[in-house]
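Notes follow the structure.
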Amino acid sequence: MISYKQRIFIILKTQKLIILILILFFLAACNITKNLPENRTILNKNSIEIKNSNIKFEKDKIWSLIQQKPNKNFFGIIPFKIWVYNIGSKGKETKFKKWLKNKIGEEPIYLDNVLTISSVKQIKQYLNNIGYFNSEVNENITLNKKKANVNYSIFLAKPYKIRNIKYSISDKKVKFFTLSDNANTLLHKNDIYSAYTLEKEREQIATFLKNQGYYYFNSEYIYYEIDSAFNNNELDITIAIKNCKTPTPDKDDKYTEQDHKQYHINNIFINPNYNPLSNNKFPFDTLVKTIPSLSKSNPDVNYYFLYHDKLNIKPQTIIQSIYIHPDQLYIFNKEQQTYKRLAALRMFKYANIQFNTIHNNSGNENLLNCYIKLSRSKVQSYSIEAEGTNSGGDLGVGGNLVYQNKNIFRGAEIFRLKLKGAMEVQKTSDLEEDNNSSGFLFFNTIETGVEASLYFPKFLIPISQTQFPKFYKPKTTINTGINYQKRPKYTRYITNFTFSYDWSKSEYETHIFTPFDMNSVKVSLSKEFDSIIQNSSDLRLKDQYTNHLIAALKYSYIFNNQDINKQKNFFYFRGNFETSGNLFNAINSFIKAPTNADNKYTVLNIKYAQYVKVDFDFRYYNIIDKDNTLVFHALFGIGIPYGNSDVLPFEKGFYAGGANDMRGWKIRSLGPGAFQGTYLDFDKMGDLKMEANLEYRFLMYKFLKGAFFVDAGNVWLLNENISYPNGSFKINTFLNQFAIDAGIGFRFDFGFFLFRIDGAIPLRNPALAVDHRWVINTIKFNDIVWNFGIGYPF
């Protein structure tokens with residue numbers, strides 16, 4: 001056995017070796033100019049300097065206009081890719097060197113004066129476009145040992161501002177609509193002139209008019225007249241809208257001007273089996289689906305379904321996703337909403353909406369027929385999944401066989417059946433230790449089960465739903481399953497059934513209501529383990545390894561104003577409310593049902609849980625730029641057992657530690673409170689949790705991203721527990737019981753998959769004596785806790 005001194009010696013030797021390797025790597029990587037060709041200079045750095053220090057100005061756009069960027073460096077300082085490229089370029093070319101040079105390395109980017117001058121021109125043009133006409137832009141190149149630093153020096157001219165805004169619109173009706181939306185204009189007096197704002201204003205006016213029925217209107221009809229004949233850097237803008245021009249019969253190059261036309265929807269034709277690869281010229285059957293009007297003063301609405309052979313989907317399913325209505329004005333936004341809702345059905349891989357002008361007997365051409373063509377995706381699918389598992393640090397392997405049907409009841413319902421199995425090597429605690437534990441190979445835990453789910457694109461309720469689906473995007477989800485787990489000291493059967501609704505009132509808000517969430521756990525213990533459990537004074541531990549039933553009602557509210565198409569700050573909030581056992585308790589109390597030996601009510605001889613639980617999750621994302629983000633996360637949760645329960649069920653308790661919260665501690669190893677023992681150190685739970693996290697995320701190298709983070713938080717018990725002294729929450733002590741850790745993370749982001757490694761060190765440990773909880777001065781390399789995860793922690 002290696003002695004303590006020998007271990008210390010090995011650790012010191014290893015650390016010195018690592019430091020030496022890093023130094024050699026740094027020196028080798030820095031020597032990249034040694035074998036440069038003659039008269040070639042590596043572009044080392046670009047910089048931008050705004051000479052007018054009194055003018056606030058954003059540089060991000062200017063950075064994008066610089067046409068030549070230097071090679072990216074590892075950790076921002078080590079030119080690793082150039083170094084690898086140089087190694088692959090030396091000597092005789094081999095397949096390995098070619099792969100090293102082209103796949104890992106990167107050819108040095110040499111300074112190109114032509115591109116530098118072109119960048120200066122682009123910057124000047126951009127400054128003109130945003131109102132800083134005739135600004136001065138110069139490039140200054142500094143050379144240092146075949147490395148070039150390029151500084152773009154900018155002296156901003158006085159910007160031009162808008163003095164007056166006028167309109168020139170001959171079409172009186174178009175003018176009326178345009179001026180009616182004037183409150184939302186992007187142009188204002190005294191704003192600095194911007195060609196980009198003018199273009200956005202054109203698009204905004206065009207979209208607004210298309211929402212008033214002007215189907216054929218586009219931004220090309222809008223132009224600007226700008227008068228800048230002033231000596232005080234001001235200008236007048238006239239917004240002009242042209243009329244339509246139609247060719248004059250029998251007269252070449254002659255046109256007749258006409259006012260723009262508003263269009264109404266005539267009929268809507270739906271082809272739910274459209275095949276874009278065929279001519280679709282075979283004869284169609286037509287089904288007319290009539291939707292009763294909500295008002296007696298309005299006529300019923302007809303939709304015409306075109307199909308061949310048979311209609312494989314219920315018409316109502318498609319109609320509830322269509323926002324375009326016959327006999328109403330064409331509205332551009334409703335067309336876009338229809339696209340989104342049809343895509344959400346998930347059984348169509350392609351949707352196309354077309355409008356054709358029709359000619360009727362009255363000569364009125366202001367009518368449009370709408371044609372909705374839907375191309376079906378494959379309805380049934382099978383898949384086999386293999387996966388590596390990591391349950392709280394316990395590694396294993398697993399596999400799933402999955403069957404999916406996207407239209408099982410002809411209403412775009414999705415049925416999913418999963419058969420799963422997994423084996424893990426799990427750590428055993430003192431309570432679980434048994435030399436006679438059995439397993440398969442070196443796996444001591446076996447898990448298998450079946451899960452089934454049904455998704456409906458509507459509410460399953462016994463009332464008519466005509467308009468509600470269009471505005472709230474309702475969904476119903478039913479999940480059920482049974483899971484078998486065999487561990488060294490017990491076997492467990494977990495059965496669940498969940499029935500939930502969710503709907504969205506707006507683009508950012510989601511509501512989830514789960515009236516039924518049933519979870520039944522049946523446990524069979526070995527004799528030795530059962531003896532230990534029965535002699536324990538920890539009620540939660542006894543509850544964890546005893547048959548129990550949870551019948552919960554849940555509600556969640558989610559707000560997320562993230563826009564994936566825009567680089568802007570956003571925040572996420574989720575609030576959850578959950579309660580359980582109230583219905584069973586009311587029935588048992590009413591019928592005066594007998595209680596068990598512990599004076600608790602049961603259902604089918606299984607004790608049910610009764611509690612209320614609330615938690616809040618808040619996240620704020622400060623997008624510094626496309627490569628850097630600062631994230632703040634806060635969480636608060638509390639669960640209160642009552643009635644038929646003395647403690648929260650183990651599954652509903654709060655824990656701290658692990659890959660997604662307090663990363664300086666292993667999963668379920670922190671707390672509760674200032675508890676100093678090691679009793680069940682991997683299953684420490686609490687009734688109350690408070691946590692805050694701050695994480696700075698940055699780009700290191702292409703798919704490799706990094707993060708610095710700080711975590712603070714803990715869990716507490718609401719009542720005193722002799723098994724966890726100092727673990728209960730008290731107003732005058734809880735602040736001093738916050739744990740704090742800090743660390744660095746590495747994220748391998750492949751777009752469709754993100755693998756994460758976080759290393760954290762505890763800075764403040766509430767399990768130590770009050771005067772010794774800050775442990776910064778005693779940190780060692782071996783104190784780092786490594787966490788592995790999929791996706792971001794928050």
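In the structure tokens, chains take letters A, B, ... by order of appearance, with residues numbered from 1 within each chain and ligands from 1 in the order shown.
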
What are the closest atom pairs, with distances in Å to one decimal, for each residue of stretch 306-414 of chain A lying within 7 Å of stretch 251-270 of chain A, using only C-alpha atoms, rows by chain and rising residue number, as CSV?
residue,atom,partner,partner_atom,distance
A:Leu306,CA,A:Ile270,CA,5.9
A:His325,CA,A:Ile265,CA,6.8
A:Pro326,CA,A:Ile265,CA,4.9
A:Asp327,CA,A:Ile265,CA,5.3
A:Gln328,CA,A:His264,CA,5.4
A:Leu329,CA,A:His264,CA,4.2
A:Tyr330,CA,A:His264,CA,5.4
A:Asn366,CA,A:Tyr263,CA,4.7
A:Leu367,CA,A:His264,CA,5.0
A:Leu368,CA,A:Ile265,CA,4.9
A:Asn369,CA,A:Asn267,CA,5.1
A:Cys370,CA,A:Ile268,CA,4.7
A:Tyr371,CA,A:Phe269,CA,4.9
A:Ile372,CA,A:Ile270,CA,4.8
A:Lys373,CA,A:Ile270,CA,6.1

Using the selection just defined, write its residues with all heavy atoms as a compact mmCIF listing (two decimals), in the first residue's frame.
# COMPACT_ATOMS: atom_id res chain seq x y z
N LEU A 306 -59.94 18.29 -50.49
CA LEU A 306 -59.68 17.54 -51.71
C LEU A 306 -58.84 16.32 -51.36
O LEU A 306 -57.77 16.46 -50.77
CB LEU A 306 -58.94 18.42 -52.73
CG LEU A 306 -59.56 19.79 -53.02
CD1 LEU A 306 -58.68 20.58 -53.97
CD2 LEU A 306 -60.96 19.65 -53.58
N HIS A 325 -59.99 32.75 -42.83
CA HIS A 325 -61.43 32.50 -42.83
C HIS A 325 -62.09 33.01 -44.11
O HIS A 325 -61.76 34.11 -44.57
CB HIS A 325 -62.10 33.17 -41.63
CG HIS A 325 -61.56 32.72 -40.31
ND1 HIS A 325 -61.78 31.46 -39.81
CD2 HIS A 325 -60.79 33.36 -39.39
CE1 HIS A 325 -61.17 31.34 -38.64
NE2 HIS A 325 -60.56 32.48 -38.38
N PRO A 326 -62.99 32.22 -44.68
CA PRO A 326 -63.74 32.71 -45.85
C PRO A 326 -64.56 33.95 -45.49
O PRO A 326 -64.96 34.15 -44.34
CB PRO A 326 -64.66 31.53 -46.19
CG PRO A 326 -64.00 30.33 -45.58
CD PRO A 326 -63.31 30.83 -44.34
N ASP A 327 -64.77 34.79 -46.50
CA ASP A 327 -65.59 36.01 -46.38
C ASP A 327 -64.95 37.06 -45.47
O ASP A 327 -65.63 37.99 -45.04
CB ASP A 327 -67.00 35.69 -45.87
CG ASP A 327 -67.73 34.72 -46.79
OD1 ASP A 327 -67.56 34.85 -48.02
OD2 ASP A 327 -68.45 33.85 -46.28
N GLN A 328 -63.67 36.89 -45.15
CA GLN A 328 -62.97 37.90 -44.37
C GLN A 328 -61.80 38.45 -45.18
O GLN A 328 -61.34 37.84 -46.15
CB GLN A 328 -62.46 37.30 -43.05
CG GLN A 328 -63.56 36.92 -42.09
CD GLN A 328 -63.01 36.46 -40.75
OE1 GLN A 328 -61.82 36.52 -40.49
NE2 GLN A 328 -63.91 36.01 -39.87
N LEU A 329 -61.31 39.63 -44.77
CA LEU A 329 -60.16 40.22 -45.44
C LEU A 329 -58.94 39.29 -45.35
O LEU A 329 -58.75 38.58 -44.35
CB LEU A 329 -59.81 41.56 -44.80
CG LEU A 329 -60.55 42.81 -45.27
CD1 LEU A 329 -60.15 44.00 -44.42
CD2 LEU A 329 -60.26 43.11 -46.74
N TYR A 330 -58.12 39.32 -46.39
CA TYR A 330 -56.83 38.64 -46.30
C TYR A 330 -55.97 39.35 -45.26
O TYR A 330 -55.86 40.58 -45.27
CB TYR A 330 -56.12 38.65 -47.66
CG TYR A 330 -54.64 38.30 -47.53
CD1 TYR A 330 -54.25 36.98 -47.43
CD2 TYR A 330 -53.67 39.29 -47.45
CE1 TYR A 330 -52.91 36.64 -47.28
CE2 TYR A 330 -52.33 38.98 -47.31
CZ TYR A 330 -51.96 37.65 -47.21
OH TYR A 330 -50.64 37.33 -47.06
N ASN A 366 -61.68 41.34 -56.57
CA ASN A 366 -61.07 41.49 -55.26
C ASN A 366 -61.33 40.27 -54.37
O ASN A 366 -61.58 40.41 -53.18
CB ASN A 366 -61.57 42.75 -54.58
CG ASN A 366 -61.11 44.00 -55.32
OD1 ASN A 366 -60.64 43.93 -56.44
ND2 ASN A 366 -61.26 45.14 -54.68
N LEU A 367 -61.31 39.09 -54.96
CA LEU A 367 -61.52 37.86 -54.20
C LEU A 367 -60.35 36.92 -54.42
O LEU A 367 -59.78 36.86 -55.51
CB LEU A 367 -62.83 37.18 -54.62
CG LEU A 367 -64.13 37.90 -54.27
CD1 LEU A 367 -65.32 37.13 -54.85
CD2 LEU A 367 -64.30 38.04 -52.75
N LEU A 368 -60.02 36.18 -53.38
CA LEU A 368 -58.92 35.21 -53.44
C LEU A 368 -59.42 33.84 -53.02
O LEU A 368 -60.10 33.71 -51.99
CB LEU A 368 -57.78 35.63 -52.50
CG LEU A 368 -57.06 36.94 -52.75
CD1 LEU A 368 -56.12 37.25 -51.58
CD2 LEU A 368 -56.28 36.88 -54.06
N ASN A 369 -59.08 32.85 -53.80
CA ASN A 369 -59.24 31.47 -53.36
C ASN A 369 -57.95 31.03 -52.69
O ASN A 369 -56.85 31.30 -53.21
CB ASN A 369 -59.55 30.54 -54.54
CG ASN A 369 -61.03 30.48 -54.84
OD1 ASN A 369 -61.86 30.89 -54.03
ND2 ASN A 369 -61.39 29.98 -56.02
N CYS A 370 -58.09 30.36 -51.55
CA CYS A 370 -56.93 29.91 -50.79
C CYS A 370 -56.76 28.40 -50.99
O CYS A 370 -57.71 27.63 -50.83
CB CYS A 370 -57.11 30.24 -49.32
SG CYS A 370 -55.80 29.58 -48.26
N TYR A 371 -55.53 27.98 -51.33
CA TYR A 371 -55.21 26.57 -51.53
C TYR A 371 -54.13 26.17 -50.52
O TYR A 371 -53.01 26.72 -50.55
CB TYR A 371 -54.73 26.32 -52.95
CG TYR A 371 -55.77 26.61 -54.01
CD1 TYR A 371 -55.92 27.90 -54.52
CD2 TYR A 371 -56.63 25.62 -54.47
CE1 TYR A 371 -56.88 28.19 -55.47
CE2 TYR A 371 -57.61 25.90 -55.43
CZ TYR A 371 -57.72 27.19 -55.92
OH TYR A 371 -58.67 27.47 -56.86
N ILE A 372 -54.47 25.25 -49.63
CA ILE A 372 -53.54 24.78 -48.61
C ILE A 372 -53.12 23.36 -48.98
O ILE A 372 -53.94 22.44 -48.99
CB ILE A 372 -54.17 24.81 -47.21
CG1 ILE A 372 -54.60 26.24 -46.86
CG2 ILE A 372 -53.21 24.27 -46.17
CD1 ILE A 372 -55.31 26.36 -45.53
N LYS A 373 -51.85 23.19 -49.30
CA LYS A 373 -51.32 21.90 -49.72
C LYS A 373 -50.42 21.34 -48.62
O LYS A 373 -49.44 21.99 -48.24
CB LYS A 373 -50.54 22.06 -51.03
CG LYS A 373 -51.38 22.65 -52.16
CD LYS A 373 -50.54 22.91 -53.39
CE LYS A 373 -51.39 23.53 -54.50
NZ LYS A 373 -50.57 23.81 -55.71

Review point. If we count only C-alpha atoms, what is near stretch 624-640 of chain A at a cut-off of 9 Å, once residues fewer than 3 positions away on the same chain are taken out, given as a PyMOL selection string?
Key: chain A and resi 60+567-569+578+610-621+647-648+652-654+686-700+705+718+794

Grab the residues selected above and save them as a compact mmCIF listing (two decimals), in the first residue's frame with C-alpha atoms.
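What ended up in part-v4.txt:
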# COMPACT_ATOMS: atom_id res chain seq x y z
CA ASP A 60 -20.08 45.45 -33.11
CA GLN A 567 -29.27 38.40 -30.24
CA LYS A 568 -30.87 40.09 -27.25
CA ASN A 569 -31.14 39.70 -23.49
CA GLU A 578 -48.23 20.89 -6.46
CA GLN A 610 -50.34 14.44 1.56
CA TYR A 611 -48.37 17.65 1.05
CA VAL A 612 -48.21 21.01 -0.72
CA LYS A 613 -45.14 22.12 -2.65
CA VAL A 614 -44.19 25.37 -4.38
CA ASP A 615 -41.01 26.29 -6.25
CA PHE A 616 -39.80 29.15 -8.47
CA ASP A 617 -37.02 29.11 -11.05
CA PHE A 618 -35.72 32.42 -12.48
CA ARG A 619 -32.99 32.88 -15.10
CA TYR A 620 -31.64 36.02 -16.75
CA TYR A 621 -29.41 35.81 -19.82
CA VAL A 647 -42.41 14.07 5.93
CA LEU A 648 -42.22 14.90 2.23
CA LYS A 652 -40.61 15.25 -3.83
CA GLY A 653 -37.86 16.48 -1.50
CA PHE A 654 -35.22 19.01 -2.49
CA GLY A 686 -34.60 18.88 2.51
CA ASP A 687 -38.03 20.53 2.68
CA LEU A 688 -36.76 23.96 1.63
CA LYS A 689 -34.17 25.01 -0.92
CA MET A 690 -32.54 28.33 -1.82
CA GLU A 691 -29.92 28.68 -4.50
CA ALA A 692 -28.28 31.29 -6.72
CA ASN A 693 -25.82 30.82 -9.58
CA LEU A 694 -23.75 33.16 -11.70
CA GLU A 695 -22.12 31.80 -14.86
CA TYR A 696 -20.04 33.51 -17.53
CA ARG A 697 -20.03 31.55 -20.81
CA PHE A 698 -17.50 32.22 -23.55
CA LEU A 699 -16.15 30.73 -26.76
CA MET A 700 -12.79 29.00 -26.50
CA LYS A 705 -16.89 26.59 -25.10
CA LEU A 718 -38.65 22.51 8.25
CA PHE A 794 -29.71 26.24 -16.70

Point to revise | Selection near stretch 98-112 of chain A, 9 Å with only C-alpha atoms, sequence-local residues under 2 positions removed, as a PyMOL selection string | key: chain A and resi 40-44+68-71+80-89+93-96+114-117+147-148

Exercise for review: Report the residues of stretch 149-310 of chain A whose backbone DSSP state falls under helix (DSSP H, G or I), written as a PyMOL selection string.
Suggested key: chain A and resi 172-180+182-184+195-210+219-221

Serialized selection, C-alpha atoms, as a PDB file, in the first residue's frame:
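For reference, result_6.pdb as written:
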ATOM      1  CA  LYS A 172     -56.552  57.947 -50.117  1.00  0.00           C
ATOM      2  CA  LYS A 173     -57.463  54.628 -48.503  1.00  0.00           C
ATOM      3  CA  VAL A 174     -53.823  53.492 -48.297  1.00  0.00           C
ATOM      4  CA  LYS A 175     -52.942  56.903 -46.889  1.00  0.00           C
ATOM      5  CA  PHE A 176     -55.632  56.551 -44.224  1.00  0.00           C
ATOM      6  CA  PHE A 177     -54.343  53.134 -43.110  1.00  0.00           C
ATOM      7  CA  THR A 178     -50.693  54.249 -43.186  1.00  0.00           C
ATOM      8  CA  LEU A 179     -51.324  57.324 -41.033  1.00  0.00           C
ATOM      9  CA  SER A 180     -53.526  55.311 -38.648  1.00  0.00           C
ATOM     10  CA  ASN A 182     -48.246  56.329 -37.338  1.00  0.00           C
ATOM     11  CA  ALA A 183     -47.880  55.724 -33.578  1.00  0.00           C
ATOM     12  CA  ASN A 184     -45.758  52.645 -34.372  1.00  0.00           C
ATOM     13  CA  ALA A 195     -30.694  53.902 -44.042  1.00  0.00           C
ATOM     14  CA  TYR A 196     -31.286  50.670 -42.138  1.00  0.00           C
ATOM     15  CA  THR A 197     -34.135  52.218 -40.160  1.00  0.00           C
ATOM     16  CA  LEU A 198     -35.670  53.504 -43.385  1.00  0.00           C
ATOM     17  CA  GLU A 199     -35.613  49.986 -44.823  1.00  0.00           C
ATOM     18  CA  LYS A 200     -37.208  48.543 -41.675  1.00  0.00           C
ATOM     19  CA  GLU A 201     -39.901  51.237 -41.889  1.00  0.00           C
ATOM     20  CA  ARG A 202     -40.652  50.205 -45.483  1.00  0.00           C
ATOM     21  CA  GLU A 203     -41.065  46.568 -44.416  1.00  0.00           C
ATOM     22  CA  GLN A 204     -43.218  47.559 -41.447  1.00  0.00           C
ATOM     23  CA  ILE A 205     -45.581  49.686 -43.565  1.00  0.00           C
ATOM     24  CA  ALA A 206     -45.825  46.943 -46.207  1.00  0.00           C
ATOM     25  CA  THR A 207     -46.641  44.295 -43.580  1.00  0.00           C
ATOM     26  CA  PHE A 208     -49.237  46.548 -41.950  1.00  0.00           C
ATOM     27  CA  LEU A 209     -50.990  47.128 -45.284  1.00  0.00           C
ATOM     28  CA  LYS A 210     -50.901  43.395 -46.094  1.00  0.00           C
ATOM     29  CA  SER A 219     -42.219  47.317 -50.014  1.00  0.00           C
ATOM     30  CA  GLU A 220     -41.207  48.118 -53.620  1.00  0.00           C
ATOM     31  CA  TYR A 221     -44.181  50.515 -53.772  1.00  0.00           C
TER      32      TYR A 221
END

Practice item. Assign secondary structure with DSSP using the backbone only, and return the residues of stretch 202-242 of chain A in strand (DSSP E or B) as a PyMOL selection string. Key: chain A and resi 222-227+234-241

Selection file, all heavy atoms, as a tab-separated table (two decimals), in the first residue's frame:
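part.tsv, written as the output of this step:
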chain	number	residue	atom	x	y	z
A	222	ILE	N	-42.96	51.53	-51.94
A	222	ILE	CA	-42.60	52.61	-51.00
A	222	ILE	C	-41.20	53.13	-51.34
A	222	ILE	O	-40.27	52.34	-51.52
A	222	ILE	CB	-42.62	52.10	-49.55
A	222	ILE	CG1	-43.99	51.47	-49.23
A	222	ILE	CG2	-42.31	53.22	-48.57
A	222	ILE	CD1	-44.02	50.77	-47.89
A	223	TYR	N	-41.06	54.44	-51.42
A	223	TYR	CA	-39.74	55.03	-51.64
A	223	TYR	C	-39.64	56.31	-50.81
A	223	TYR	O	-40.65	56.82	-50.27
A	223	TYR	CB	-39.49	55.31	-53.12
A	223	TYR	CG	-40.40	56.35	-53.75
A	223	TYR	CD1	-40.00	57.68	-53.88
A	223	TYR	CD2	-41.65	55.98	-54.23
A	223	TYR	CE1	-40.83	58.61	-54.45
A	223	TYR	CE2	-42.49	56.92	-54.81
A	223	TYR	CZ	-42.08	58.24	-54.92
A	223	TYR	OH	-42.91	59.17	-55.47
A	224	TYR	N	-38.42	56.83	-50.70
A	224	TYR	CA	-38.18	58.01	-49.87
A	224	TYR	C	-37.61	59.15	-50.72
A	224	TYR	O	-36.81	58.93	-51.65
A	224	TYR	CB	-37.18	57.69	-48.76
A	224	TYR	CG	-37.68	56.69	-47.74
A	224	TYR	CD1	-37.31	55.36	-47.82
A	224	TYR	CD2	-38.51	57.09	-46.71
A	224	TYR	CE1	-37.75	54.43	-46.89
A	224	TYR	CE2	-38.97	56.18	-45.77
A	224	TYR	CZ	-38.59	54.85	-45.87
A	224	TYR	OH	-39.04	53.94	-44.95
A	225	GLU	N	-38.03	60.33	-50.38
A	225	GLU	CA	-37.44	61.55	-50.93
A	225	GLU	C	-36.76	62.29	-49.78
A	225	GLU	O	-37.42	62.61	-48.78
A	225	GLU	CB	-38.51	62.43	-51.58
A	225	GLU	CG	-39.17	61.79	-52.80
A	225	GLU	CD	-40.31	62.63	-53.35
A	225	GLU	OE1	-40.70	63.61	-52.66
A	225	GLU	OE2	-40.83	62.31	-54.43
A	226	ILE	N	-35.46	62.49	-49.91
A	226	ILE	CA	-34.69	63.07	-48.81
A	226	ILE	C	-34.09	64.40	-49.26
A	226	ILE	O	-33.40	64.46	-50.29
A	226	ILE	CB	-33.58	62.10	-48.35
A	226	ILE	CG1	-34.21	60.80	-47.84
A	226	ILE	CG2	-32.71	62.73	-47.28
A	226	ILE	CD1	-33.21	59.74	-47.47
A	227	ASP	N	-34.34	65.43	-48.49
A	227	ASP	CA	-33.82	66.78	-48.78
A	227	ASP	C	-32.84	67.14	-47.67
A	227	ASP	O	-33.21	67.34	-46.52
A	227	ASP	CB	-34.98	67.78	-48.82
A	227	ASP	CG	-34.51	69.18	-49.22
A	227	ASP	OD1	-33.30	69.35	-49.44
A	227	ASP	OD2	-35.37	70.07	-49.32
A	234	GLU	N	-29.13	68.72	-40.87
A	234	GLU	CA	-30.51	68.25	-40.74
A	234	GLU	C	-31.05	67.88	-42.12
A	234	GLU	O	-30.54	68.35	-43.13
A	234	GLU	CB	-31.40	69.33	-40.11
A	234	GLU	CG	-31.10	69.60	-38.64
A	234	GLU	CD	-32.03	70.62	-38.05
A	234	GLU	OE1	-32.43	71.56	-38.79
A	234	GLU	OE2	-32.39	70.49	-36.87
A	235	LEU	N	-32.08	67.05	-42.11
A	235	LEU	CA	-32.68	66.65	-43.38
A	235	LEU	C	-34.17	66.39	-43.20
A	235	LEU	O	-34.64	66.10	-42.10
A	235	LEU	CB	-31.98	65.43	-43.97
A	235	LEU	CG	-31.67	64.23	-43.07
A	235	LEU	CD1	-32.90	63.36	-42.88
A	235	LEU	CD2	-30.55	63.39	-43.68
A	236	ASP	N	-34.91	66.53	-44.30
A	236	ASP	CA	-36.34	66.23	-44.33
A	236	ASP	C	-36.55	64.92	-45.09
A	236	ASP	O	-35.91	64.68	-46.12
A	236	ASP	CB	-37.11	67.35	-45.02
A	236	ASP	CG	-37.14	68.63	-44.20
A	236	ASP	OD1	-36.83	68.55	-43.00
A	236	ASP	OD2	-37.45	69.70	-44.77
A	237	ILE	N	-37.47	64.10	-44.58
A	237	ILE	CA	-37.77	62.81	-45.22
A	237	ILE	C	-39.24	62.79	-45.64
A	237	ILE	O	-40.13	63.09	-44.82
A	237	ILE	CB	-37.49	61.64	-44.27
A	237	ILE	CG1	-35.99	61.57	-43.95
A	237	ILE	CG2	-37.95	60.32	-44.88
A	237	ILE	CD1	-35.63	60.47	-42.97
A	238	THR	N	-39.48	62.46	-46.90
A	238	THR	CA	-40.85	62.27	-47.40
A	238	THR	C	-41.05	60.80	-47.72
A	238	THR	O	-40.29	60.22	-48.51
A	238	THR	CB	-41.10	63.11	-48.65
A	238	THR	OG1	-40.91	64.50	-48.35
A	238	THR	CG2	-42.51	62.89	-49.16
A	239	ILE	N	-42.06	60.20	-47.09
A	239	ILE	CA	-42.40	58.80	-47.34
A	239	ILE	C	-43.45	58.79	-48.44
A	239	ILE	O	-44.56	59.31	-48.27
A	239	ILE	CB	-42.95	58.13	-46.08
A	239	ILE	CG1	-41.92	58.22	-44.95
A	239	ILE	CG2	-43.32	56.68	-46.36
A	239	ILE	CD1	-42.45	57.72	-43.61
A	240	ALA	N	-43.11	58.19	-49.58
A	240	ALA	CA	-44.00	58.19	-50.74
A	240	ALA	C	-44.42	56.75	-51.07
A	240	ALA	O	-43.61	55.83	-50.97
A	240	ALA	CB	-43.32	58.82	-51.94
A	241	ILE	N	-45.69	56.58	-51.44
A	241	ILE	CA	-46.22	55.27	-51.84
A	241	ILE	C	-46.83	55.40	-53.22
A	241	ILE	O	-47.75	56.21	-53.44
A	241	ILE	CB	-47.26	54.75	-50.83
A	241	ILE	CG1	-46.62	54.57	-49.45
A	241	ILE	CG2	-47.85	53.43	-51.32
A	241	ILE	CD1	-47.57	54.05	-48.40

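For the set A:Ala597, A:Ala609, A:Ile564, A:Leu704, the residue with the smallest atom-to-atom gap to A:Phe650 is A:Ala609, counting only C-alpha atoms.
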
Considering only C-alpha atoms, return as an mmCIF file with N, CA and C atoms, in the first residue's frame whatever protein or nucleic-acid residues lie within 10 Å of A:Pro725, sequence-local ones (same chain, fewer than 2 positions apart) excluded.
data_model
loop_
_atom_site.group_PDB
_atom_site.id
_atom_site.type_symbol
_atom_site.label_atom_id
_atom_site.label_comp_id
_atom_site.auth_asym_id
_atom_site.auth_seq_id
_atom_site.Cartn_x
_atom_site.Cartn_y
_atom_site.Cartn_z
ATOM 1 N N PRO A 672 -28.548 18.624 5.062
ATOM 2 C CA PRO A 672 -29.366 19.840 5.174
ATOM 3 C C PRO A 672 -28.781 20.807 6.201
ATOM 4 N N GLY A 673 -28.916 22.091 5.959
ATOM 5 C CA GLY A 673 -28.435 23.112 6.877
ATOM 6 C C GLY A 673 -26.967 22.953 7.198
ATOM 7 N N ALA A 674 -26.656 22.937 8.499
ATOM 8 C CA ALA A 674 -25.277 22.804 8.969
ATOM 9 C C ALA A 674 -25.001 21.402 9.501
ATOM 10 N N PHE A 675 -25.735 20.420 8.995
ATOM 11 C CA PHE A 675 -25.520 19.037 9.423
ATOM 12 C C PHE A 675 -24.074 18.637 9.132
ATOM 13 N N GLN A 676 -23.388 18.096 10.145
ATOM 14 C CA GLN A 676 -21.957 17.826 10.036
ATOM 15 C C GLN A 676 -21.623 16.353 9.896
ATOM 16 N N GLY A 677 -22.615 15.483 9.957
ATOM 17 C CA GLY A 677 -22.329 14.056 9.886
ATOM 18 C C GLY A 677 -22.212 13.550 8.470
ATOM 19 N N GLU A 720 -37.254 19.844 13.216
ATOM 20 C CA GLU A 720 -36.071 19.224 13.787
ATOM 21 C C GLU A 720 -36.091 17.718 13.527
ATOM 22 N N ASN A 721 -34.913 17.167 13.254
ATOM 23 C CA ASN A 721 -34.759 15.734 13.025
ATOM 24 C C ASN A 721 -33.507 15.269 13.747
ATOM 25 N N ILE A 722 -33.676 14.285 14.655
ATOM 26 C CA ILE A 722 -32.527 13.855 15.458
ATOM 27 C C ILE A 722 -31.465 13.195 14.595
ATOM 28 N N SER A 723 -31.841 12.723 13.399
ATOM 29 C CA SER A 723 -30.851 12.120 12.509
ATOM 30 C C SER A 723 -30.007 13.178 11.805
ATOM 31 N N GLY A 727 -29.874 20.677 11.061
ATOM 32 C CA GLY A 727 -30.320 20.639 9.680
ATOM 33 C C GLY A 727 -31.601 21.403 9.417
ATOM 34 N N SER A 728 -32.234 21.961 10.453
ATOM 35 C CA SER A 728 -33.509 22.645 10.268
ATOM 36 C C SER A 728 -33.305 24.125 9.947
#

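Interatomic distance, atom CA of A:Glu335 against atom CA of A:Tyr323: 6.9 Å.
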